[in-house]
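Pasting start.cif here (mmCIF, C-alpha atoms):
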```cif
data_model
#
loop_
_atom_site.label_atom_id
_atom_site.label_comp_id
_atom_site.auth_asym_id
_atom_site.auth_seq_id
_atom_site.Cartn_x
_atom_site.Cartn_y
_atom_site.Cartn_z
CA MET A 155 -24.70 -74.98 -60.21
CA THR A 156 -25.87 -78.48 -61.05
CA LYS A 157 -25.39 -81.65 -59.05
CA SER A 158 -22.43 -82.64 -61.22
CA GLU A 159 -20.81 -79.23 -60.77
CA LEU A 160 -21.30 -79.59 -57.02
CA ILE A 161 -19.56 -82.98 -57.18
CA GLN A 162 -16.79 -81.40 -59.24
CA ARG A 163 -16.21 -78.66 -56.68
CA LEU A 164 -16.17 -81.10 -53.80
CA SER A 165 -13.72 -83.37 -55.63
CA GLU A 166 -11.35 -80.43 -55.94
CA ARG A 167 -11.74 -79.71 -52.27
CA TYR A 168 -11.11 -83.34 -51.28
CA PRO A 169 -8.38 -84.54 -53.66
CA ASP A 170 -7.89 -87.67 -51.55
CA LEU A 171 -11.39 -88.94 -52.27
CA TYR A 172 -12.38 -90.82 -55.39
CA GLN A 173 -14.91 -88.86 -57.42
CA ARG A 174 -17.07 -91.97 -57.32
CA ASP A 175 -17.22 -91.68 -53.53
CA VAL A 176 -18.00 -87.98 -53.66
CA GLU A 177 -20.92 -88.84 -55.94
CA ARG A 178 -22.16 -91.43 -53.46
CA ILE A 179 -21.85 -88.99 -50.59
CA VAL A 180 -23.84 -86.28 -52.37
CA SER A 181 -26.53 -88.76 -53.41
CA THR A 182 -26.71 -90.20 -49.91
CA ILE A 183 -27.36 -86.78 -48.41
CA PHE A 184 -30.20 -85.90 -50.77
CA ASP A 185 -31.64 -89.43 -50.57
CA GLU A 186 -31.67 -89.20 -46.80
CA ILE A 187 -33.51 -85.88 -46.90
CA GLY A 188 -36.05 -87.29 -49.39
CA GLU A 189 -36.56 -90.40 -47.28
CA ALA A 190 -37.17 -88.32 -44.18
CA LEU A 191 -39.78 -86.23 -45.99
CA ALA A 192 -41.48 -89.36 -47.33
CA ARG A 193 -41.85 -90.54 -43.70
CA GLY A 194 -43.40 -87.21 -42.79
CA ASP A 195 -40.29 -86.08 -40.89
CA ARG A 196 -38.78 -82.62 -40.91
CA VAL A 197 -35.16 -81.99 -41.81
CA GLU A 198 -33.59 -79.12 -39.94
CA LEU A 199 -30.17 -77.87 -40.97
CA ARG A 200 -29.31 -74.90 -38.79
CA GLY A 201 -27.97 -71.93 -40.68
CA PHE A 202 -28.98 -73.46 -44.00
CA GLY A 203 -32.70 -74.11 -43.73
CA ALA A 204 -35.41 -76.62 -42.97
CA PHE A 205 -37.29 -79.02 -45.24
CA SER A 206 -40.81 -80.05 -44.32
CA VAL A 207 -43.95 -81.33 -46.00
CA LYS A 208 -47.13 -79.33 -46.35
CA ARG A 209 -50.52 -80.77 -47.06
CA ARG A 210 -52.64 -79.31 -49.80
CA ASP A 211 -56.30 -80.16 -49.27
CA ALA A 212 -58.42 -81.69 -52.00
CA ARG A 213 -60.02 -79.01 -54.15
CA VAL A 214 -61.92 -78.48 -57.32
CA GLY A 215 -59.53 -77.22 -59.94
CA ARG A 216 -59.97 -76.20 -63.50
CA ASN A 217 -58.28 -77.26 -66.67
CA PRO A 218 -56.90 -73.89 -67.75
CA ARG A 219 -57.26 -74.77 -71.41
CA THR A 220 -60.79 -76.11 -71.51
CA GLY A 221 -62.23 -74.57 -68.35
CA ALA A 222 -63.59 -77.98 -67.32
CA SER A 223 -63.61 -78.52 -63.57
CA VAL A 224 -61.56 -81.38 -62.22
CA GLN A 225 -61.32 -82.88 -58.77
CA VAL A 226 -57.79 -82.46 -57.40
CA THR A 227 -57.11 -84.92 -54.59
CA GLU A 228 -55.30 -84.05 -51.39
CA LYS A 229 -51.54 -84.00 -51.84
CA TYR A 230 -48.30 -83.26 -50.06
CA VAL A 231 -45.70 -80.77 -51.21
CA PRO A 232 -42.10 -80.55 -50.01
CA PHE A 233 -41.36 -77.13 -48.56
CA PHE A 234 -38.10 -75.34 -47.72
CA LYS A 235 -37.70 -72.48 -45.30
CA THR A 236 -34.40 -70.65 -45.65
CA GLY A 237 -32.29 -70.53 -42.50
CA LYS A 238 -31.49 -67.21 -40.87
CA GLN A 239 -27.79 -67.28 -41.64
CA LEU A 240 -28.26 -68.12 -45.32
CA ARG A 241 -31.04 -65.55 -45.67
CA GLU A 242 -28.69 -62.90 -44.31
CA ARG A 243 -25.89 -64.00 -46.61
CA LEU A 244 -28.13 -63.62 -49.64
CA ASN A 245 -28.51 -59.99 -48.74
CA THR A 246 -24.98 -59.03 -47.81
CA ASP A 247 -22.55 -60.71 -50.22
CA MET B 171 -45.06 -89.23 -34.68
CA SER B 172 -43.13 -86.89 -36.87
CA GLU B 173 -39.44 -86.51 -36.07
CA THR B 174 -36.68 -84.10 -36.93
CA VAL B 175 -33.65 -85.13 -38.92
CA THR B 176 -30.52 -83.03 -38.45
CA ARG B 177 -26.90 -82.89 -39.63
CA ALA B 178 -26.13 -85.75 -37.23
CA GLN B 179 -28.33 -88.24 -39.12
CA LEU B 180 -27.04 -87.07 -42.49
CA SER B 181 -23.44 -87.53 -41.32
CA GLU B 182 -24.30 -90.97 -39.97
CA ALA B 183 -25.80 -91.97 -43.33
CA VAL B 184 -22.64 -90.79 -45.11
CA TYR B 185 -20.53 -92.65 -42.57
CA GLN B 186 -22.46 -95.88 -43.21
CA GLU B 187 -22.21 -95.44 -46.97
CA VAL B 188 -18.52 -94.68 -47.51
CA GLY B 189 -15.39 -95.73 -45.66
CA LEU B 190 -14.75 -92.37 -44.02
CA SER B 191 -14.38 -91.53 -40.36
CA ARG B 192 -17.29 -89.94 -38.49
CA ASN B 193 -15.43 -86.63 -38.45
CA GLU B 194 -14.76 -86.69 -42.18
CA SER B 195 -18.39 -87.62 -42.84
CA ALA B 196 -19.62 -84.66 -40.81
CA ASP B 197 -17.13 -82.43 -42.62
CA LEU B 198 -18.42 -83.61 -46.00
CA VAL B 199 -22.04 -82.84 -45.05
CA GLU B 200 -20.93 -79.37 -44.00
CA SER B 201 -19.05 -78.85 -47.26
CA VAL B 202 -22.06 -79.87 -49.35
CA LEU B 203 -24.25 -77.33 -47.55
CA GLY B 204 -21.42 -74.77 -47.75
CA GLU B 205 -20.93 -75.15 -51.52
CA ILE B 206 -24.67 -74.80 -52.10
CA SER B 207 -24.84 -71.72 -49.87
CA ASP B 208 -21.83 -70.16 -51.61
CA ALA B 209 -23.40 -70.65 -55.04
CA LEU B 210 -26.70 -69.14 -53.86
CA ALA B 211 -24.90 -66.19 -52.25
CA ARG B 212 -23.26 -65.57 -55.66
CA GLY B 213 -26.80 -65.42 -57.05
CA GLU B 214 -26.53 -68.73 -58.87
CA MET B 215 -29.36 -71.19 -59.16
CA VAL B 216 -28.65 -74.64 -57.72
CA LYS B 217 -30.19 -77.64 -59.46
CA ILE B 218 -29.99 -81.08 -57.87
CA SER B 219 -31.47 -83.60 -60.29
CA SER B 220 -34.20 -85.85 -58.88
CA PHE B 221 -34.30 -83.67 -55.75
CA GLY B 222 -35.12 -80.10 -56.64
CA SER B 223 -33.81 -76.65 -57.37
CA PHE B 224 -33.02 -73.58 -55.32
CA ALA B 225 -33.36 -70.22 -57.00
CA VAL B 226 -32.60 -66.73 -55.77
CA ARG B 227 -35.30 -64.22 -56.48
CA SER B 228 -35.06 -60.45 -56.14
CA LYS B 229 -37.97 -58.73 -54.48
CA GLY B 230 -38.68 -55.06 -55.00
CA GLN B 231 -39.43 -52.59 -52.26
CA ARG B 232 -42.99 -52.58 -50.93
CA VAL B 233 -44.94 -51.13 -48.08
CA GLY B 234 -45.52 -53.55 -45.25
CA ARG B 235 -47.34 -53.17 -42.00
CA ASN B 236 -46.40 -54.01 -38.47
CA PRO B 237 -49.13 -56.55 -37.70
CA LYS B 238 -49.16 -55.58 -34.05
CA THR B 239 -49.37 -51.82 -34.33
CA GLY B 240 -50.75 -51.44 -37.85
CA GLU B 241 -47.94 -49.00 -38.55
CA GLU B 242 -46.71 -48.79 -42.14
CA VAL B 243 -43.08 -49.79 -42.61
CA PRO B 244 -41.14 -49.90 -45.88
CA ILE B 245 -39.81 -53.37 -46.76
CA LEU B 246 -36.54 -52.85 -48.56
CA PRO B 247 -35.60 -54.63 -51.79
CA ARG B 248 -34.14 -58.01 -50.88
CA ARG B 249 -33.17 -61.40 -52.22
CA VAL B 250 -35.10 -64.48 -51.20
CA LEU B 251 -34.61 -68.16 -51.83
CA VAL B 252 -37.24 -70.38 -53.37
CA PHE B 253 -37.04 -74.15 -53.43
CA ARG B 254 -38.94 -76.19 -55.96
CA ALA B 255 -39.05 -79.94 -55.39
CA SER B 256 -38.53 -82.09 -58.47
CA GLN B 257 -41.29 -84.36 -59.74
CA VAL B 258 -39.32 -87.35 -58.47
CA LEU B 259 -39.22 -85.99 -54.92
CA ARG B 260 -42.86 -84.91 -55.06
CA SER B 261 -44.10 -88.35 -56.04
CA ARG B 262 -41.78 -90.03 -53.56
CA VAL B 263 -43.21 -87.90 -50.75
CA ASN B 264 -46.80 -88.49 -51.85
CA GLN B 265 -46.31 -92.23 -52.15
CA GLY B 266 -44.60 -92.39 -48.79
CA LEU B 267 -47.22 -90.36 -46.99
CA ALA B 268 -50.15 -92.12 -48.66
CA ALA B 269 -48.99 -95.26 -46.86
CA LEU B 270 -49.13 -93.56 -43.44
CA GLU B 271 -52.11 -92.86 -41.24
CA PRO B 272 -53.05 -89.18 -41.51
CA SER B 273 -52.57 -88.85 -37.74
CA ASP B 274 -48.90 -89.84 -38.13
CA ILE B 275 -48.22 -86.78 -40.18
CA GLU B 276 -47.52 -83.46 -38.63
CA VAL B 277 -49.07 -81.07 -41.04
CA ALA B 278 -47.44 -77.75 -41.63
CA SER B 279 -49.95 -76.21 -43.99
#
```

Target encoding structure tokens, full file:
Amino acid sequence: MTKSELIQRLSERYPDLYQRDVERIVSTIFDEIGEALARGDRVELRGFGAFSVKRRDARVGRNPRTGASVQVTEKYVPFFKTGKQLRERLNTD
Amino acid sequence: MSETVTRAQLSEAVYQEVGLSRNESADLVESVLGEISDALARGEMVKISSFGSFAVRSKGQRVGRNPKTGEEVPILPRRVLVFRASQVLRSRVNQGLAALEPSDIEVAS
């Protein structure tokens, strides 16, 4: 399912809403999550899962093609931990 | 200090953005999460452009160990979810956090 298919499904579920508004709603939700992560906040959605940011320390990496070593600076990576309810659903349905 | 954002803040953002009631906004947030969960439960991959993708991966059976007792226990085949943040989200997070003092960030590595 892509973002546009998600919007499509929601539009069918909410026939009273303009598709334009459904698009804005979906974008707002993901923007809000991204903004929270960019502030270093956690996003916890019970039953669904939690988004957080993990730090990866600086390290010496290697260019896999040439084998040359390169300095990789410290960076942050968004992380998602599946919620209990969703994890169980994946294994029952 | 790092804070936790929940459904309440997402609903509030939706409420501020579109002319819906607070109840309808909360309902919409729930439906978005519900549609994504339904698709994943069907085994579908979910791709949200400029945010990231959720994929369902099947894991085979393996032998695990109870870390407390050291006892061997079989871990049954199961399906797990993996999230991969898009490049857009990754750079947004790195730019945002580069601007903060390291002590402001609660690190979960």

Using the chain letters and numbers from the file, which residues does the PyMOL selection byres ((chain A and resi 235) around 8) grab, as a PyMOL selection string?
-> chain A and resi 203-205+233-234+236-237

Using all atoms listed in the file, which residues sit within 10 Å of Asp185 in chain A once same-chain residues fewer than 5 positions away are excluded, as an MDAnalysis selection string?
-> (chainID A and resid 179:180 190:191) or (chainID B and resid 180 183 220:221 259)

Using only C-alpha atoms, which chain A residues lie at most 8 Å away from chain B, written as a ChimeraX atom specification?
-> /A:155-157,160,163-164,175,178-180,182-184,186-199,202,206-210,229-234,236,240-241,243-245,247

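The smallest atom-to-atom distance between Arg174 in chain A and any of A:Arg200, A:Gln225, A:Ser158, A:Thr220, using all atoms listed in the file, is found for A:Ser158.
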
Point-to-point distance from CA of Gln239 in chain A to CA of Pro244 in chain B, Å rounded to tenths = 22.3 Å

What does the distance between CA of Ser191 in chain B and CA of Tyr168 in chain A come to in Å, to one decimal place?
->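 Going from CA of Ser191 in chain B over to CA of Tyr168 in chain A, I get 14.0 Å.
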
Go ahead and compute the interatomic distance for CA of Gly234 in chain B and CA of Gly201 in chain A, in Å to one decimal.
-> 25.8 Å

Do you know which residues the PyMOL selection byres ((chain A and resi 214) around 8) returns on this file, as a ChimeraX atom specification?
-> /A:212-213,215-216,223-226

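The shell of residues at most 8 Å from Glu177 in chain A, with all atoms listed in the file counted and near chain neighbours (fewer than 4 positions) removed, consists of Ile161, Gln173 and Ser181 of chain A.
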
Start from the incomplete input, build all heavy atoms for range 218-229 of chain B, and deliver everything as a PDB file, in the coordinates of the input.
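Written out: out-v5.pdb:
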```pdb
ATOM      1  N   ILE B 218     -30.395 -79.730 -58.258  1.00  0.00           N
ATOM      2  CA  ILE B 218     -29.990 -81.080 -57.870  1.00  0.00           C
ATOM      3  C   ILE B 218     -30.994 -82.036 -58.521  1.00  0.00           C
ATOM      4  O   ILE B 218     -32.154 -82.099 -58.091  1.00  0.00           O
ATOM      5  CB  ILE B 218     -30.005 -81.248 -56.331  1.00  0.00           C
ATOM      6  CG1 ILE B 218     -29.189 -80.138 -55.643  1.00  0.00           C
ATOM      7  CG2 ILE B 218     -29.514 -82.632 -55.933  1.00  0.00           C
ATOM      8  CD1 ILE B 218     -27.703 -80.151 -55.922  1.00  0.00           C
ATOM      9  N   SER B 219     -30.532 -82.755 -59.550  1.00  0.00           N
ATOM     10  CA  SER B 219     -31.470 -83.600 -60.290  1.00  0.00           C
ATOM     11  C   SER B 219     -32.097 -84.642 -59.384  1.00  0.00           C
ATOM     12  O   SER B 219     -31.463 -85.135 -58.461  1.00  0.00           O
ATOM     13  CB  SER B 219     -30.771 -84.267 -61.468  1.00  0.00           C
ATOM     14  OG  SER B 219     -29.752 -85.109 -60.986  1.00  0.00           O
ATOM     15  N   SER B 220     -33.346 -84.939 -59.638  1.00  0.00           N
ATOM     16  CA  SER B 220     -34.200 -85.850 -58.880  1.00  0.00           C
ATOM     17  C   SER B 220     -34.420 -85.427 -57.421  1.00  0.00           C
ATOM     18  O   SER B 220     -34.990 -86.166 -56.635  1.00  0.00           O
ATOM     19  CB  SER B 220     -33.757 -87.317 -58.975  1.00  0.00           C
ATOM     20  OG  SER B 220     -32.647 -87.558 -58.169  1.00  0.00           O
ATOM     21  N   PHE B 221     -33.999 -84.212 -57.081  1.00  0.00           N
ATOM     22  CA  PHE B 221     -34.300 -83.670 -55.750  1.00  0.00           C
ATOM     23  C   PHE B 221     -35.085 -82.371 -55.878  1.00  0.00           C
ATOM     24  O   PHE B 221     -36.244 -82.282 -55.484  1.00  0.00           O
ATOM     25  CB  PHE B 221     -33.013 -83.469 -54.947  1.00  0.00           C
ATOM     26  CG  PHE B 221     -33.255 -82.996 -53.542  1.00  0.00           C
ATOM     27  CD1 PHE B 221     -33.666 -83.884 -52.554  1.00  0.00           C
ATOM     28  CD2 PHE B 221     -33.099 -81.654 -53.200  1.00  0.00           C
ATOM     29  CE1 PHE B 221     -33.924 -83.441 -51.267  1.00  0.00           C
ATOM     30  CE2 PHE B 221     -33.356 -81.219 -51.906  1.00  0.00           C
ATOM     31  CZ  PHE B 221     -33.769 -82.115 -50.944  1.00  0.00           C
ATOM     32  N   GLY B 222     -34.438 -81.372 -56.469  1.00  0.00           N
ATOM     33  CA  GLY B 222     -35.120 -80.100 -56.640  1.00  0.00           C
ATOM     34  C   GLY B 222     -34.155 -78.983 -56.951  1.00  0.00           C
ATOM     35  O   GLY B 222     -32.955 -79.215 -57.089  1.00  0.00           O
ATOM     36  N   SER B 223     -34.680 -77.776 -57.060  1.00  0.00           N
ATOM     37  CA  SER B 223     -33.810 -76.650 -57.370  1.00  0.00           C
ATOM     38  C   SER B 223     -34.055 -75.492 -56.429  1.00  0.00           C
ATOM     39  O   SER B 223     -35.168 -75.276 -55.951  1.00  0.00           O
ATOM     40  CB  SER B 223     -34.010 -76.217 -58.819  1.00  0.00           C
ATOM     41  OG  SER B 223     -35.352 -75.878 -59.024  1.00  0.00           O
ATOM     42  N   PHE B 224     -32.968 -74.771 -56.164  1.00  0.00           N
ATOM     43  CA  PHE B 224     -33.020 -73.580 -55.320  1.00  0.00           C
ATOM     44  C   PHE B 224     -32.740 -72.397 -56.236  1.00  0.00           C
ATOM     45  O   PHE B 224     -31.756 -72.408 -56.974  1.00  0.00           O
ATOM     46  CB  PHE B 224     -31.931 -73.612 -54.258  1.00  0.00           C
ATOM     47  CG  PHE B 224     -32.011 -74.778 -53.305  1.00  0.00           C
ATOM     48  CD1 PHE B 224     -31.391 -75.985 -53.613  1.00  0.00           C
ATOM     49  CD2 PHE B 224     -32.691 -74.667 -52.101  1.00  0.00           C
ATOM     50  CE1 PHE B 224     -31.440 -77.059 -52.730  1.00  0.00           C
ATOM     51  CE2 PHE B 224     -32.751 -75.738 -51.216  1.00  0.00           C
ATOM     52  CZ  PHE B 224     -32.132 -76.938 -51.533  1.00  0.00           C
ATOM     53  N   ALA B 225     -33.593 -71.398 -56.174  1.00  0.00           N
ATOM     54  CA  ALA B 225     -33.360 -70.220 -57.000  1.00  0.00           C
ATOM     55  C   ALA B 225     -33.424 -68.975 -56.129  1.00  0.00           C
ATOM     56  O   ALA B 225     -34.165 -68.913 -55.155  1.00  0.00           O
ATOM     57  CB  ALA B 225     -34.404 -70.144 -58.103  1.00  0.00           C
ATOM     58  N   VAL B 226     -32.613 -67.990 -56.495  1.00  0.00           N
ATOM     59  CA  VAL B 226     -32.600 -66.730 -55.770  1.00  0.00           C
ATOM     60  C   VAL B 226     -33.486 -65.757 -56.539  1.00  0.00           C
ATOM     61  O   VAL B 226     -33.349 -65.604 -57.748  1.00  0.00           O
ATOM     62  CB  VAL B 226     -31.160 -66.155 -55.692  1.00  0.00           C
ATOM     63  CG1 VAL B 226     -31.157 -64.866 -54.887  1.00  0.00           C
ATOM     64  CG2 VAL B 226     -30.218 -67.169 -55.065  1.00  0.00           C
ATOM     65  N   ARG B 227     -34.412 -65.161 -55.828  1.00  0.00           N
ATOM     66  CA  ARG B 227     -35.300 -64.220 -56.480  1.00  0.00           C
ATOM     67  C   ARG B 227     -35.156 -62.838 -55.836  1.00  0.00           C
ATOM     68  O   ARG B 227     -35.043 -62.744 -54.619  1.00  0.00           O
ATOM     69  CB  ARG B 227     -36.752 -64.702 -56.311  1.00  0.00           C
ATOM     70  CG  ARG B 227     -37.513 -64.608 -57.609  1.00  0.00           C
ATOM     71  CD  ARG B 227     -38.875 -65.190 -57.471  1.00  0.00           C
ATOM     72  NE  ARG B 227     -38.957 -66.538 -58.053  1.00  0.00           N
ATOM     73  CZ  ARG B 227     -40.011 -67.322 -57.875  1.00  0.00           C
ATOM     74  NH1 ARG B 227     -41.014 -66.925 -57.139  1.00  0.00           N
ATOM     75  NH2 ARG B 227     -40.045 -68.500 -58.443  1.00  0.00           N
ATOM     76  N   SER B 228     -35.155 -61.806 -56.674  1.00  0.00           N
ATOM     77  CA  SER B 228     -35.060 -60.450 -56.140  1.00  0.00           C
ATOM     78  C   SER B 228     -36.438 -59.870 -55.951  1.00  0.00           C
ATOM     79  O   SER B 228     -37.266 -59.912 -56.853  1.00  0.00           O
ATOM     80  CB  SER B 228     -34.264 -59.569 -57.089  1.00  0.00           C
ATOM     81  OG  SER B 228     -32.938 -60.024 -57.132  1.00  0.00           O
ATOM     82  N   LYS B 229     -36.667 -59.328 -54.778  1.00  0.00           N
ATOM     83  CA  LYS B 229     -37.970 -58.730 -54.480  1.00  0.00           C
ATOM     84  C   LYS B 229     -37.805 -57.223 -54.437  1.00  0.00           C
ATOM     85  O   LYS B 229     -36.824 -56.719 -53.892  1.00  0.00           O
ATOM     86  CB  LYS B 229     -38.453 -59.199 -53.100  1.00  0.00           C
ATOM     87  CG  LYS B 229     -38.676 -60.693 -53.018  1.00  0.00           C
ATOM     88  CD  LYS B 229     -40.105 -61.010 -53.341  1.00  0.00           C
ATOM     89  CE  LYS B 229     -40.402 -62.459 -53.003  1.00  0.00           C
ATOM     90  NZ  LYS B 229     -41.782 -62.783 -53.289  1.00  0.00           N
TER      91      LYS B 229
END
```
